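J.: So that you have it, the file is structure.cif, and it contains mmCIF, C-alpha atoms:
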data_model
loop_
_atom_site.label_atom_id
_atom_site.label_comp_id
_atom_site.auth_asym_id
_atom_site.auth_seq_id
_atom_site.Cartn_x
_atom_site.Cartn_y
_atom_site.Cartn_z
CA GLY Q 1 71.53 19.84 3.75
CA TRP Q 2 74.18 22.47 4.31
CA GLY Q 3 72.44 25.11 2.19
CA GLY Q 4 74.56 28.02 1.01
CA CYS Q 5 77.76 26.25 2.03
CA ARG Q 6 80.50 28.71 1.10
CA ALA Q 7 83.11 26.03 1.78
CA LEU Q 8 81.78 24.22 -1.29
CA GLY Q 9 82.68 27.12 -3.56
CA GLY Q 10 86.07 27.51 -1.94
CA LEU Q 11 87.02 23.86 -2.12
CA VAL Q 12 85.87 23.05 -5.62
CA GLY Q 13 86.59 26.42 -7.16
CA GLY Q 14 90.34 26.20 -6.68
CA THR Q 15 90.65 28.79 -3.88
CA PRO Q 16 90.30 27.76 -0.24
CA GLY Q 17 87.36 29.49 1.36
CA ALA Q 18 88.49 30.64 4.78
CA ALA Q 19 91.51 28.52 5.48
CA SER Q 20 93.46 29.09 8.62
CA PRO Q 21 97.27 29.27 8.48
CA GLY Q 22 97.36 25.55 9.15
CA GLY Q 23 94.53 24.86 6.73
CA ASP Q 24 92.75 22.48 9.12
CA CYS Q 25 88.96 22.45 9.01
CA GLN Q 26 88.47 26.18 8.80
CA GLY Q 27 85.90 26.44 5.99
CA THR Q 28 82.54 28.07 6.38
CA GLY Q 29 79.13 26.60 6.03
CA ARG Q 30 75.81 26.11 7.74
CA PRO Q 31 74.87 22.71 9.15
CA GLY Q 32 71.35 21.53 8.48
CA GLY Q 33 69.09 19.43 10.65
CA ASP Q 34 68.99 16.52 8.19
CA ALA Q 35 72.64 15.73 8.79
CA GLY Q 36 71.95 13.18 11.54
CA HIS Q 37 75.39 12.37 12.92
CA LEU Q 38 76.75 15.46 11.21
CA GLY Q 39 74.89 18.22 13.02
CA GLY Q 40 72.63 19.34 15.84
CA CYS Q 41 72.88 19.76 19.59
CA GLY Q 42 74.54 16.38 20.01
CA GLY Q 43 77.47 17.51 17.87
CA TRP Q 44 77.82 20.72 19.85
CA LEU Q 45 77.77 18.81 23.14
CA ALA Q 46 80.18 16.20 21.81
CA GLY Q 47 82.69 18.87 20.84
CA GLY Q 48 82.84 20.22 24.37
CA VAL Q 49 82.96 16.79 25.98
CA CYS Q 50 85.73 15.53 23.71
CA ARG Q 51 87.93 18.57 24.07
CA GLY Q 52 87.46 18.61 27.84
CA THR Q 53 87.85 14.89 28.47
CA LEU Q 54 89.53 13.00 25.66
CA GLY Q 55 91.53 15.88 24.25
CA GLY Q 56 92.73 17.01 27.65
CA GLY Q 57 94.36 13.69 28.42
CA ARG Q 58 91.96 13.06 31.29
CA ALA Q 59 90.51 9.77 30.12
CA GLN Q 60 90.53 8.54 33.72
CA LEU Q 61 87.54 10.82 34.32
CA LEU Q 62 85.50 8.42 32.22
CA SER Q 63 86.31 5.56 34.54
CA VAL Q 64 85.44 7.63 37.62
CA SER Q 65 82.18 8.84 36.08
CA ARG Q 66 81.18 5.27 35.29
CA ARG Q 67 81.56 4.26 38.93
CA LEU Q 68 79.65 7.32 40.15
CA LEU Q 69 76.79 7.23 37.64
CA GLY Q 70 76.38 3.52 37.17
CA HIS Q 71 76.67 1.55 33.96
CA ARG Q 72 73.25 2.37 32.48
CA LEU Q 73 73.26 6.16 33.03
CA TRP Q 74 76.94 6.38 32.10
CA GLY Q 75 76.30 4.55 28.82
CA SER Q 76 73.28 6.72 28.02
CA LEU Q 77 75.27 9.93 28.52
CA LEU Q 78 78.10 8.68 26.32
CA ARG Q 79 75.67 7.68 23.58
CA ALA Q 80 74.11 11.15 23.72
CA SER Q 81 77.49 12.86 23.42
CA PHE Q 82 80.72 11.80 21.72
CA TYR Q 83 79.85 8.11 21.20
CA GLY Q 84 76.87 9.21 19.11
CA GLN Q 85 79.04 11.78 17.31
CA PHE Q 86 81.96 9.54 16.33
CA VAL Q 87 80.64 5.95 16.35
CA ALA Q 88 78.35 4.23 13.83
CA GLY Q 89 76.49 2.23 16.48
CA GLN Q 90 76.68 -1.05 18.36
CA THR Q 91 74.54 -3.52 16.41
CA PRO Q 92 74.39 -4.16 12.65
CA PRO Q 93 70.96 -2.45 12.39
CA GLU Q 94 72.35 0.66 14.14
CA VAL Q 95 75.34 0.67 11.83
CA GLY Q 96 72.96 0.33 8.90
CA VAL Q 97 71.02 3.42 9.99
CA THR Q 98 74.22 5.46 10.17
CA VAL Q 99 75.32 4.21 6.76
CA GLN Q 100 71.99 5.20 5.22
CA ARG Q 101 72.24 8.68 6.75
CA LEU Q 102 75.69 9.11 5.29
CA ARG Q 103 74.61 7.90 1.86
CA ALA Q 104 71.64 10.28 1.87
CA LEU Q 105 74.16 13.12 2.29
CA GLY Q 106 76.40 11.88 -0.52
CA LEU Q 107 78.93 10.30 1.87
CA ARG Q 108 80.24 6.73 2.06
CA PRO Q 109 81.18 4.64 5.12
CA LEU Q 110 84.70 3.45 5.89
CA LEU Q 111 84.11 1.04 8.76
CA ALA Q 112 86.76 0.17 11.34
CA VAL Q 113 86.75 -2.50 14.05
CA PRO Q 114 88.08 -0.83 17.23
CA ILE Q 115 90.51 -3.53 18.36
CA GLU Q 116 93.40 -2.70 20.68
CA GLU Q 117 96.68 -4.61 21.00
CA ASP Q 118 96.63 -7.73 23.18
CA VAL Q 119 98.44 -11.07 23.36
CA GLY Q 120 97.49 -14.70 22.90
CA GLU Q 121 96.75 -16.76 19.81
CA GLY Q 122 93.12 -17.26 20.83
CA TRP Q 123 92.62 -13.50 21.07
CA TYR Q 124 93.94 -12.96 17.53
CA GLU Q 125 91.84 -15.82 16.16
CA GLY Q 126 88.75 -14.33 17.82
CA ASN Q 127 89.47 -11.01 16.15
CA ARG Q 128 89.33 -12.74 12.79
CA GLY Q 129 85.58 -13.20 13.20
CA ALA Q 130 85.11 -9.54 14.09
CA VAL Q 131 87.11 -8.41 11.05
CA LEU Q 132 85.17 -10.72 8.74
CA GLY Q 133 81.99 -9.25 10.21
CA CYS Q 134 83.30 -5.82 9.22
CA VAL Q 135 83.79 -7.10 5.67
CA GLY Q 136 80.14 -8.16 5.57
CA LEU Q 137 78.85 -4.85 6.93
CA SER Q 138 81.09 -2.86 4.58
CA ALA Q 139 79.80 -4.80 1.57
CA GLN Q 140 76.37 -3.29 2.26
CA GLY Q 141 77.71 0.28 2.38
CA GLY Q 142 77.08 1.28 -1.21
CA PRO Q 143 79.29 1.67 -4.29
CA GLN Q 144 82.99 0.83 -4.08
CA PRO Q 145 82.89 -0.19 -0.40
CA MET Q 146 85.99 0.10 1.77
CA MET Q 147 87.03 -0.95 5.26
CA GLN Q 148 90.03 -0.38 7.51
CA LEU Q 149 92.21 -3.20 8.81
CA LYS Q 150 94.65 -3.04 11.69
CA VAL Q 151 97.24 -5.77 11.15
CA THR Q 152 98.14 -5.94 14.84
CA ALA Q 153 94.57 -7.11 15.52
CA LEU Q 154 95.50 -10.35 13.75
CA MET Q 155 99.27 -10.46 14.31
CA SER Q 156 101.24 -9.47 17.40
CA ALA Q 157 103.32 -6.30 17.36
CA ARG Q 158 106.33 -8.23 18.65
CA LEU Q 159 106.04 -10.62 15.75
CA CYS Q 160 105.79 -7.65 13.39
CA VAL Q 161 109.13 -6.37 14.65
CA SER Q 162 110.90 -9.68 14.00
CA THR Q 163 109.07 -10.22 10.69
CA GLY Q 164 110.24 -6.83 9.43
CA ARG Q 165 113.81 -8.10 9.73
CA ARG Q 166 113.14 -11.08 7.46
CA GLY Q 167 113.28 -8.97 4.33
CA GLY Q 168 111.33 -9.93 1.23
CA GLU Q 169 110.62 -13.52 2.27
CA LEU Q 170 106.88 -12.84 2.45
CA LEU Q 171 106.84 -11.45 -1.08
CA THR Q 172 107.55 -14.95 -2.39
CA PRO Q 173 104.37 -17.07 -2.80
CA PRO Q 174 102.61 -19.07 -1.51
CA PHE Q 175 101.53 -16.53 1.10
CA GLY Q 176 101.53 -18.42 4.41
CA ARG Q 177 100.40 -21.67 2.77
CA GLU Q 178 103.53 -23.59 3.68
CA ARG Q 179 105.09 -23.97 7.08
CA CYS Q 180 107.16 -20.86 7.84
CA ARG Q 181 110.86 -21.55 7.91
CA GLY Q 182 113.83 -19.50 8.98
CA PRO Q 183 115.08 -18.12 12.29
CA GLY Q 184 112.87 -18.12 15.36
CA THR Q 185 111.28 -20.58 17.73
CA LEU Q 186 108.70 -23.12 16.64
CA LEU Q 187 105.99 -21.18 18.50
CA HIS Q 188 107.08 -17.97 16.79
CA ASN Q 189 106.86 -19.53 13.34
CA ARG Q 190 103.50 -21.13 14.09
CA HIS Q 191 102.07 -17.75 15.10
CA LEU Q 192 103.55 -16.16 11.97
CA GLN Q 193 101.95 -18.79 9.77
CA ALA Q 194 98.59 -18.49 11.55
CA SER Q 195 98.74 -14.67 11.31
CA LEU Q 196 99.47 -14.73 7.59
CA LEU Q 197 96.61 -17.13 6.97
CA ARG Q 198 94.24 -14.90 8.96
CA LEU Q 199 95.27 -11.84 6.96
CA ASP Q 200 95.03 -13.71 3.68
CA GLY Q 201 91.58 -15.00 4.63
CA VAL Q 202 90.26 -11.51 5.32
CA THR Q 203 91.30 -10.24 1.90
CA GLN Q 204 90.18 -13.44 0.18
CA VAL Q 205 86.64 -13.16 1.59
CA ARG Q 206 86.48 -9.52 0.61
CA ALA Q 207 83.00 -9.65 -1.05
CA GLY Q 208 83.87 -6.68 -3.24
CA VAL Q 209 85.30 -4.67 -0.32
CA ARG Q 210 88.62 -2.89 -0.64
CA VAL Q 211 90.77 -3.40 2.46
CA LEU Q 212 92.78 -0.39 3.63
CA VAL Q 213 95.61 -1.53 5.90
CA ASP Q 214 96.39 1.01 8.62
CA ALA Q 215 99.91 2.22 9.34
CA GLU Q 216 101.00 2.23 12.97
CA TYR Q 217 104.29 2.89 14.79
CA THR Q 218 107.58 3.00 12.88
CA TYR Q 219 108.92 -0.06 14.69
CA VAL Q 220 106.14 -2.25 13.24
CA ASN Q 221 105.57 -0.44 9.93
CA PRO Q 222 108.23 -2.34 7.94
CA ALA Q 223 106.42 -5.59 8.65
CA LEU Q 224 103.01 -4.03 7.95
CA THR Q 225 104.21 -2.78 4.56
CA LEU Q 226 105.87 -6.11 3.80
CA VAL Q 227 102.70 -8.05 4.59
CA THR Q 228 100.53 -5.57 2.69
CA LEU Q 229 102.73 -5.69 -0.42
CA ALA Q 230 102.57 -9.48 -0.30
CA LEU Q 231 98.77 -9.31 -0.14
CA MET Q 232 98.79 -6.84 -3.02
CA GLY Q 233 100.90 -9.21 -5.09
CA ARG Q 234 98.44 -12.00 -4.39
CA TRP Q 235 95.11 -10.21 -4.87
CA ASN Q 236 95.67 -6.93 -6.75
CA ARG Q 237 96.13 -8.41 -10.22
CA ALA Q 238 93.06 -6.90 -11.90
CA GLN Q 239 92.27 -4.04 -9.50
CA PRO Q 240 93.47 -2.78 -6.11
CA TRP Q 241 91.62 -4.73 -3.43
CA VAL Q 242 94.35 -4.25 -0.81
CA TRP Q 243 95.70 -0.76 -0.03
CA ASN Q 244 98.63 0.42 2.08
CA THR Q 245 98.81 3.55 4.26
CA TYR Q 246 101.68 6.03 4.00
CA GLN Q 247 102.39 8.56 6.77
CA CYS Q 248 103.73 11.80 5.35
CA TYR Q 249 105.11 13.08 8.65
CA LEU Q 250 107.90 10.50 8.25
CA GLN Q 251 111.03 11.89 6.61
CA ASP Q 252 111.46 8.87 4.34
CA CYS Q 253 107.82 8.66 3.24
CA LEU Q 254 108.28 9.99 -0.31
CA VAL Q 255 111.24 7.67 -0.97
CA ARG Q 256 109.41 4.59 0.34
CA LEU Q 257 106.25 5.51 -1.53
CA GLY Q 258 108.14 5.83 -4.81
CA ALA Q 259 109.98 2.54 -4.21
CA ASP Q 260 106.77 0.63 -3.45
CA ALA Q 261 105.01 2.12 -6.49
CA ALA Q 262 107.94 1.01 -8.65
CA LEU Q 263 107.81 -2.47 -7.09
CA ALA Q 264 104.11 -2.74 -7.92
CA GLU Q 265 104.83 -1.80 -11.52
CA ARG Q 266 107.67 -4.34 -11.81
CA ARG Q 267 105.64 -7.13 -10.21
CA GLY Q 268 102.53 -6.30 -12.23
CA PHE Q 269 100.04 -5.66 -9.43
CA CYS Q 270 97.76 -2.70 -8.76
CA PHE Q 271 98.78 -0.16 -6.15
CA GLY Q 272 96.22 1.27 -3.72
CA VAL Q 273 97.27 4.04 -1.30
CA LYS Q 274 95.73 5.76 1.69
CA LEU Q 275 97.72 8.97 2.17
CA VAL Q 276 97.74 10.44 5.70
CA ARG Q 277 99.90 12.85 7.65
CA GLY Q 278 100.25 10.56 10.67
CA ALA Q 279 98.74 10.23 14.13
CA TYR Q 280 101.57 9.08 16.40
CA LEU Q 281 103.68 12.24 16.51
CA GLU Q 282 104.22 12.60 20.25
CA GLN Q 283 104.72 8.85 20.78
CA GLU Q 284 107.24 8.56 17.94
CA ARG Q 285 109.34 11.42 19.24
CA ARG Q 286 109.26 10.06 22.76
CA LEU Q 287 110.39 6.63 21.56
CA ALA Q 288 113.23 8.21 19.58
CA ARG Q 289 114.45 10.06 22.68
CA GLU Q 290 114.14 7.04 24.96
CA ARG Q 291 115.85 4.61 22.58
CA GLY Q 292 118.49 7.01 21.31
CA TYR Q 293 117.82 6.97 17.57
CA PRO Q 294 117.21 9.97 15.26
CA ASP Q 295 113.73 11.45 15.20
CA PRO Q 296 112.05 9.86 12.13
CA LEU Q 297 109.56 12.73 11.74
CA HIS Q 298 109.75 15.98 9.86
CA PRO Q 299 110.86 18.74 12.25
CA THR Q 300 107.95 21.12 11.58
CA TRP Q 301 104.27 21.05 10.61
CA GLU Q 302 105.15 23.01 7.46
CA ALA Q 303 107.66 20.34 6.43
CA THR Q 304 105.00 17.68 6.93
CA ASN Q 305 102.61 19.67 4.74
CA HIS Q 306 105.23 19.88 2.00
CA SER Q 307 105.82 16.14 2.29
CA TYR Q 308 102.10 15.48 1.95
CA GLN Q 309 101.84 17.65 -1.14
CA HIS Q 310 104.86 16.02 -2.82
CA CYS Q 311 103.49 12.52 -2.15
CA LEU Q 312 100.06 13.62 -3.34
CA ASP Q 313 101.48 15.02 -6.57
CA LEU Q 314 103.40 11.80 -7.24
CA LEU Q 315 100.33 9.65 -6.74
CA LEU Q 316 98.01 11.87 -8.78
CA GLU Q 317 100.45 11.70 -11.69
CA LEU Q 318 100.46 7.88 -11.42
CA VAL Q 319 96.67 7.87 -11.33
CA ALA Q 320 96.50 10.13 -14.38
CA ARG Q 321 98.78 7.72 -16.24
CA ASP Q 322 96.70 4.64 -15.32
CA GLY Q 323 93.74 4.94 -12.96
CA GLN Q 324 93.36 1.16 -12.78
CA GLN Q 325 97.00 0.50 -11.86
CA CYS Q 326 97.14 3.16 -9.11
CA GLN Q 327 94.29 4.45 -6.94
CA LEU Q 328 94.30 6.84 -4.00
CA ILE Q 329 92.29 8.02 -1.01
CA VAL Q 330 93.27 11.51 0.13
CA ALA Q 331 92.80 11.03 3.88
CA SER Q 332 93.15 14.56 5.19
CA HIS Q 333 91.30 17.15 7.28
CA ASN Q 334 93.50 19.88 5.82
CA GLU Q 335 91.54 22.14 3.47
CA THR Q 336 94.67 23.27 1.65
CA SER Q 337 95.55 19.67 0.81
CA VAL Q 338 91.99 18.90 -0.27
CA SER Q 339 91.87 22.00 -2.48
CA HIS Q 340 95.25 21.13 -3.98
CA ALA Q 341 94.09 17.60 -4.77
CA ILE Q 342 90.94 18.90 -6.48
CA ARG Q 343 92.90 21.42 -8.51
CA ARG Q 344 95.48 18.85 -9.64
CA MET Q 345 92.72 16.37 -10.53
CA GLU Q 346 91.21 18.98 -12.83
CA GLU Q 347 94.58 19.82 -14.38
CA LEU Q 348 95.45 16.15 -14.96
CA GLY Q 349 92.00 15.25 -16.27
CA ILE Q 350 91.16 12.84 -13.44
CA ALA Q 351 87.39 12.38 -13.23
CA LYS Q 352 85.98 13.12 -9.79
CA ASP Q 353 83.51 10.23 -10.10
CA GLY Q 354 85.84 7.81 -11.87
CA GLY Q 355 86.73 5.83 -8.76
CA ALA Q 356 90.50 6.28 -8.96
CA VAL Q 357 90.70 9.12 -6.42
CA CYS Q 358 88.53 9.60 -3.35
CA PHE Q 359 88.69 11.51 -0.08
CA GLY Q 360 88.48 10.34 3.54
CA GLN Q 361 87.88 11.97 6.93
CA LEU Q 362 86.82 10.89 10.41
CA LEU Q 363 83.13 10.86 11.28
CA GLY Q 364 82.42 13.92 13.42
CA MET Q 365 85.51 15.77 12.16
CA CYS Q 366 85.46 18.50 9.48
CA ASP Q 367 81.99 17.47 8.40
CA HIS Q 368 81.48 20.77 6.56
CA VAL Q 369 84.36 19.83 4.24
CA SER Q 370 83.04 16.29 3.77
CA LEU Q 371 79.56 17.51 2.89
CA ALA Q 372 80.92 20.09 0.47
CA LEU Q 373 82.88 17.38 -1.33
CA GLY Q 374 79.95 15.00 -1.42
CA GLN Q 375 77.58 17.64 -2.75
CA ALA Q 376 80.11 18.51 -5.46
CA GLY Q 377 80.12 14.91 -6.66
CA TYR Q 378 83.44 13.68 -5.25
CA ALA Q 379 83.72 10.27 -3.60
CA ILE Q 380 84.11 11.00 0.13
CA TYR Q 381 84.35 8.38 2.89
CA LYS Q 382 83.82 8.90 6.61
CA SER Q 383 85.94 6.66 8.84
CA ILE Q 384 83.68 5.25 11.54
CA PRO Q 385 84.31 2.71 14.29
CA TYR Q 386 81.44 0.63 15.61
CA GLY Q 387 80.73 -1.59 18.60
CA ALA Q 388 79.70 -1.49 22.24
CA VAL Q 389 80.54 1.59 24.32
CA GLU Q 390 83.07 -0.38 26.40
CA ASP Q 391 84.80 -1.71 23.27
CA VAL Q 392 84.91 1.56 21.35
CA LEU Q 393 85.87 3.87 24.21
CA PRO Q 394 89.56 2.82 24.40
CA TYR Q 395 89.77 3.28 20.63
CA LEU Q 396 88.31 6.80 20.86
CA VAL Q 397 90.62 7.76 23.72
CA ARG Q 398 93.65 6.50 21.81
CA ARG Q 399 92.64 8.28 18.61
CA ALA Q 400 92.06 11.54 20.47
CA GLN Q 401 95.39 11.34 22.30
CA GLU Q 402 97.26 10.46 19.09
CA ASN Q 403 95.66 13.14 16.96
CA GLN Q 404 95.28 16.32 18.99
CA SER Q 405 95.60 18.51 15.88
CA VAL Q 406 92.54 16.85 14.36
CA LEU Q 407 90.59 17.06 17.62
CA GLN Q 408 91.18 20.81 17.68
CA GLY Q 409 89.18 21.03 14.47
CA ILE Q 410 86.04 20.33 16.50
CA ARG Q 411 86.16 23.98 17.63
CA LYS Q 412 85.20 25.09 14.12
CA GLU Q 413 82.41 22.50 13.95
CA ARG Q 414 81.13 23.68 17.34
CA ASP Q 415 81.14 27.32 16.22
CA LEU Q 416 79.16 26.42 13.11
CA LEU Q 417 76.61 24.51 15.17
CA ARG Q 418 76.30 27.33 17.70
CA ARG Q 419 75.56 29.84 14.95
CA GLU Q 420 72.99 27.49 13.40
CA LEU Q 421 71.22 26.98 16.73
CA TRP Q 422 71.01 30.74 17.30
CA ARG Q 423 69.74 31.22 13.75
CA ARG Q 424 66.92 28.74 14.35
CA LEU Q 425 66.05 30.16 17.76
CA LEU Q 426 65.79 33.66 16.27
CA HIS Q 427 63.91 32.32 13.19
CA ARG Q 428 66.36 33.90 10.77
CA PRO Q 429 66.36 32.69 7.14
#
Would you mind writing the file's structure down as structure tokens?

T.:
Amino acid sequence: GWGGCRALGGLVGGTPGAASPGGDCQGTGRPGGDAGHLGGCGGWLAGGVCRGTLGGGRAQLLSVSRRLLGHRLWGSLLRASFYGQFVAGQTPPEVGVTVQRLRALGLRPLLAVPIEEDVGEGWYEGNRGAVLGCVGLSAQGGPQPMMQLKVTALMSARLCVSTGRRGGELLTPPFGRERCRGPGTLLHNRHLQASLLRLDGVTQVRAGVRVLVDAEYTYVNPALTLVTLALMGRWNRAQPWVWNTYQCYLQDCLVRLGADAALAERRGFCFGVKLVRGAYLEQERRLARERGYPDPLHPTWEATNHSYQHCLDLLLELVARDGQQCQLIVASHNETSVSHAIRRMEELGIAKDGGAVCFGQLLGMCDHVSLALGQAGYAIYKSIPYGAVEDVLPYLVRRAQENQSVLQGIRKERDLLRRELWRRLLHRP
């Protein structure tokens, strides 16, 4: 494992180990060779490739390299570098191997189907099979399995915009079981009904898997939250099977989070939350400028950090009051936030292995923090896409472009791996 990991003492002892001013993935530790996806020469190579290609906004180089190298060699190189670092695999057996490696290290999988936005009812219906396949794979991932769900894989973004204007209509049962009425064309309403039935079917065939609904752009988020709250009201009666994502870089996040938590309490359903900072910063600000509306984001990184801490404190207090009614995944690569969550859990008496609070990070990102948490007995999930190289590559490019601040954390991972390689070459203890 990561023997002598000083990040472990810093994170679980209440004082961050070697946090940078931003607090992002700056702990210390030593990666071991048994980490599989989480260490070794492949991780070092992947860091350089990702920062030079994906992180630099030069994704077109991938297309050129494919034409020059040919499909087979191109695919082999990708698998040896960042595909192998950030992706669980292509086939169910490959995914299973990755899951077992994670579990051996005290980590849990959080699978994601890398589906990009498209149009056409047949395309959305085809995605339903892929998402249900993800449910099946996730069910084999160990205790308290989770998966990620992107609503716009089953429902068009344009429909989300119009649905968000229909208010609380979806919160009234039966969820999509009757013909949708109201404004809109017949085709529009048919697609809405089919989309709601697809979403309901995914959560209904959950097989013990908790479904974490991703947040996206602000122009579709009202519909995503509306649909997710409706699913919560339908399925979260005994425990939270359906979770919503809240983006703390939005100025109204704390207000909306409090309002939705209050709604869950009034309606008598359990409230599951994935708390993130947000990954669409540049795109959101560009849209605000182009369309002439106020910037919805906090003006500074420090303000976003304060927002995250306030939302985290609210949720931890709700969990401490009733860990069955409210549950939380702290989805953050920020060591300061992770340390704060651990400290508040101890102060509030929230058990680290009780299932009400867990942590989540991307596979291949801040692995030293993930391993420290897992070794300390906390529930820690690694978000991992899976699928063919051609299918996953657009997802990886989009994630890298959306989340440059997270991608920069690879530098620390690469430094740790470089030191470990030199240690082994020089046969130092």

J.: Between Q:Tyr246, Q:Thr228, Q:Leu137, Q:Gly387, which residue has the minimum interatomic distance to Val209 in chain Q, considering only C-alpha atoms?

T.: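 So, comparing all the options, the nearest one is Q:Leu137.
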
J.: I'd like the residues picked by the PyMOL selection byres ((chain Q and resi 273-286) around 8) written out as a PDB file with C-alpha atoms, in the frame of the given file, using the chain letters and numbers from the file.

T.:
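Output contents, as saved in part12.pdb:
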ATOM      1  CA  LEU Q 212      92.780  -0.390   3.630  1.00  0.00           C
ATOM      2  CA  GLU Q 216     101.000   2.230  12.970  1.00  0.00           C
ATOM      3  CA  TYR Q 217     104.290   2.890  14.790  1.00  0.00           C
ATOM      4  CA  THR Q 218     107.580   3.000  12.880  1.00  0.00           C
ATOM      5  CA  TRP Q 243      95.700  -0.760  -0.030  1.00  0.00           C
ATOM      6  CA  ASN Q 244      98.630   0.420   2.080  1.00  0.00           C
ATOM      7  CA  THR Q 245      98.810   3.550   4.260  1.00  0.00           C
ATOM      8  CA  TYR Q 246     101.680   6.030   4.000  1.00  0.00           C
ATOM      9  CA  GLN Q 247     102.390   8.560   6.770  1.00  0.00           C
ATOM     10  CA  CYS Q 248     103.730  11.800   5.350  1.00  0.00           C
ATOM     11  CA  TYR Q 249     105.110  13.080   8.650  1.00  0.00           C
ATOM     12  CA  PHE Q 271      98.780  -0.160  -6.150  1.00  0.00           C
ATOM     13  CA  GLY Q 272      96.220   1.270  -3.720  1.00  0.00           C
ATOM     14  CA  LEU Q 287     110.390   6.630  21.560  1.00  0.00           C
ATOM     15  CA  ALA Q 288     113.230   8.210  19.580  1.00  0.00           C
ATOM     16  CA  ARG Q 289     114.450  10.060  22.680  1.00  0.00           C
ATOM     17  CA  GLU Q 290     114.140   7.040  24.960  1.00  0.00           C
ATOM     18  CA  ASP Q 295     113.730  11.450  15.200  1.00  0.00           C
ATOM     19  CA  PRO Q 296     112.050   9.860  12.130  1.00  0.00           C
ATOM     20  CA  LEU Q 297     109.560  12.730  11.740  1.00  0.00           C
ATOM     21  CA  THR Q 304     105.000  17.680   6.930  1.00  0.00           C
ATOM     22  CA  ASN Q 305     102.610  19.670   4.740  1.00  0.00           C
ATOM     23  CA  TYR Q 308     102.100  15.480   1.950  1.00  0.00           C
ATOM     24  CA  LEU Q 312     100.060  13.620  -3.340  1.00  0.00           C
ATOM     25  CA  CYS Q 326      97.140   3.160  -9.110  1.00  0.00           C
ATOM     26  CA  GLN Q 327      94.290   4.450  -6.940  1.00  0.00           C
ATOM     27  CA  LEU Q 328      94.300   6.840  -4.000  1.00  0.00           C
ATOM     28  CA  ILE Q 329      92.290   8.020  -1.010  1.00  0.00           C
ATOM     29  CA  VAL Q 330      93.270  11.510   0.130  1.00  0.00           C
ATOM     30  CA  ALA Q 331      92.800  11.030   3.880  1.00  0.00           C
ATOM     31  CA  SER Q 332      93.150  14.560   5.190  1.00  0.00           C
ATOM     32  CA  ARG Q 399      92.640   8.280  18.610  1.00  0.00           C
ATOM     33  CA  GLU Q 402      97.260  10.460  19.090  1.00  0.00           C
ATOM     34  CA  ASN Q 403      95.660  13.140  16.960  1.00  0.00           C
TER      35      ASN Q 403
END

J.: Apply the PyMOL selection byres ((chain Q and resi 161) around 10) to the file shown and report the selected residues as a PyMOL selection string.

T.: chain Q and resi 156-160+162-166+218-224

J.: Would you translate the PyMOL selection byres ((chain Q and resi 358-370) around 6) into the concrete set of residues it matches in this file, as a ChimeraX atom specification?

T.: /Q:25,85-86,329-331,357,371-373,379-384

J.: Could you check how far CA of Arg128 in chain Q sits from CA of Arg101 in chain Q, in Å to one decimal?

T.: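 So the answer is 28.1 Å.
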
J.: At what distance in Å, to one decimal, does CA of Met146 in chain Q lie from CA of Ala88 in chain Q?

T.: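 About the pair CA of Ala88 in chain Q and CA of Met146 in chain Q: they are 14.9 Å apart.
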
J.: Show me as a list in words the residues that reach within 8 Å of (91.8, -7.4, 3.9), counting only C-alpha atoms and using the file's own coordinates.

T.: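 Checking each residue against the 8 Å limit leaves Leu149, Leu199, Asp200, Gly201, Val202, Thr203, Gln204, Arg206, Arg210, Val211, Leu212, Val213, Trp241 and Val242 of chain Q.
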
J.: Could you please take those selected residues and save C-alpha atoms as a PDB file, in the frame of the given file?

T.:
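The result, stored in out35.pdb:
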ATOM      1  CA  LEU Q 149      92.210  -3.200   8.810  1.00  0.00           C
ATOM      2  CA  LEU Q 199      95.270 -11.840   6.960  1.00  0.00           C
ATOM      3  CA  ASP Q 200      95.030 -13.710   3.680  1.00  0.00           C
ATOM      4  CA  GLY Q 201      91.580 -15.000   4.630  1.00  0.00           C
ATOM      5  CA  VAL Q 202      90.260 -11.510   5.320  1.00  0.00           C
ATOM      6  CA  THR Q 203      91.300 -10.240   1.900  1.00  0.00           C
ATOM      7  CA  GLN Q 204      90.180 -13.440   0.180  1.00  0.00           C
ATOM      8  CA  ARG Q 206      86.480  -9.520   0.610  1.00  0.00           C
ATOM      9  CA  ARG Q 210      88.620  -2.890  -0.640  1.00  0.00           C
ATOM     10  CA  VAL Q 211      90.770  -3.400   2.460  1.00  0.00           C
ATOM     11  CA  LEU Q 212      92.780  -0.390   3.630  1.00  0.00           C
ATOM     12  CA  VAL Q 213      95.610  -1.530   5.900  1.00  0.00           C
ATOM     13  CA  TRP Q 241      91.620  -4.730  -3.430  1.00  0.00           C
ATOM     14  CA  VAL Q 242      94.350  -4.250  -0.810  1.00  0.00           C
TER      15      VAL Q 242
END

J.: Given only C-alpha atoms as the basis, pick out the residue of Q:Ala376, Q:Trp123, Q:Gly208, Q:Asp322 nearest to Ile342 in chain Q.

T.: Q:Ala376

J.: To one decimal in Å, tell me the separation between CA of Gln100 in chain Q and CA of Gln140 in chain Q.

T.: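 Calculated distance between CA of Gln100 in chain Q and CA of Gln140 in chain Q is 10.0 Å.
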
J.: If we count all atoms listed in the file and set the cut-off at 9 Å, which residues sit around Thr98 in chain Q, ignoring sequence neighbours fewer than 2 positions away in its own chain? Please answer as a short mmCIF file (atom, residue, chain, number, x, y, z; two decimals) with C-alpha atoms, in the frame of the given file.

T.:
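out_13.cif, written as the output of this step:
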data_model
loop_
_atom_site.label_atom_id
_atom_site.label_comp_id
_atom_site.auth_asym_id
_atom_site.auth_seq_id
_atom_site.Cartn_x
_atom_site.Cartn_y
_atom_site.Cartn_z
CA GLY Q 36 71.95 13.18 11.54
CA HIS Q 37 75.39 12.37 12.92
CA VAL Q 87 80.64 5.95 16.35
CA ALA Q 88 78.35 4.23 13.83
CA GLY Q 89 76.49 2.23 16.48
CA PRO Q 93 70.96 -2.45 12.39
CA GLU Q 94 72.35 0.66 14.14
CA VAL Q 95 75.34 0.67 11.83
CA GLY Q 96 72.96 0.33 8.90
CA GLN Q 100 71.99 5.20 5.22
CA ARG Q 101 72.24 8.68 6.75
CA LEU Q 102 75.69 9.11 5.29
CA ARG Q 103 74.61 7.90 1.86
CA PRO Q 109 81.18 4.64 5.12
#
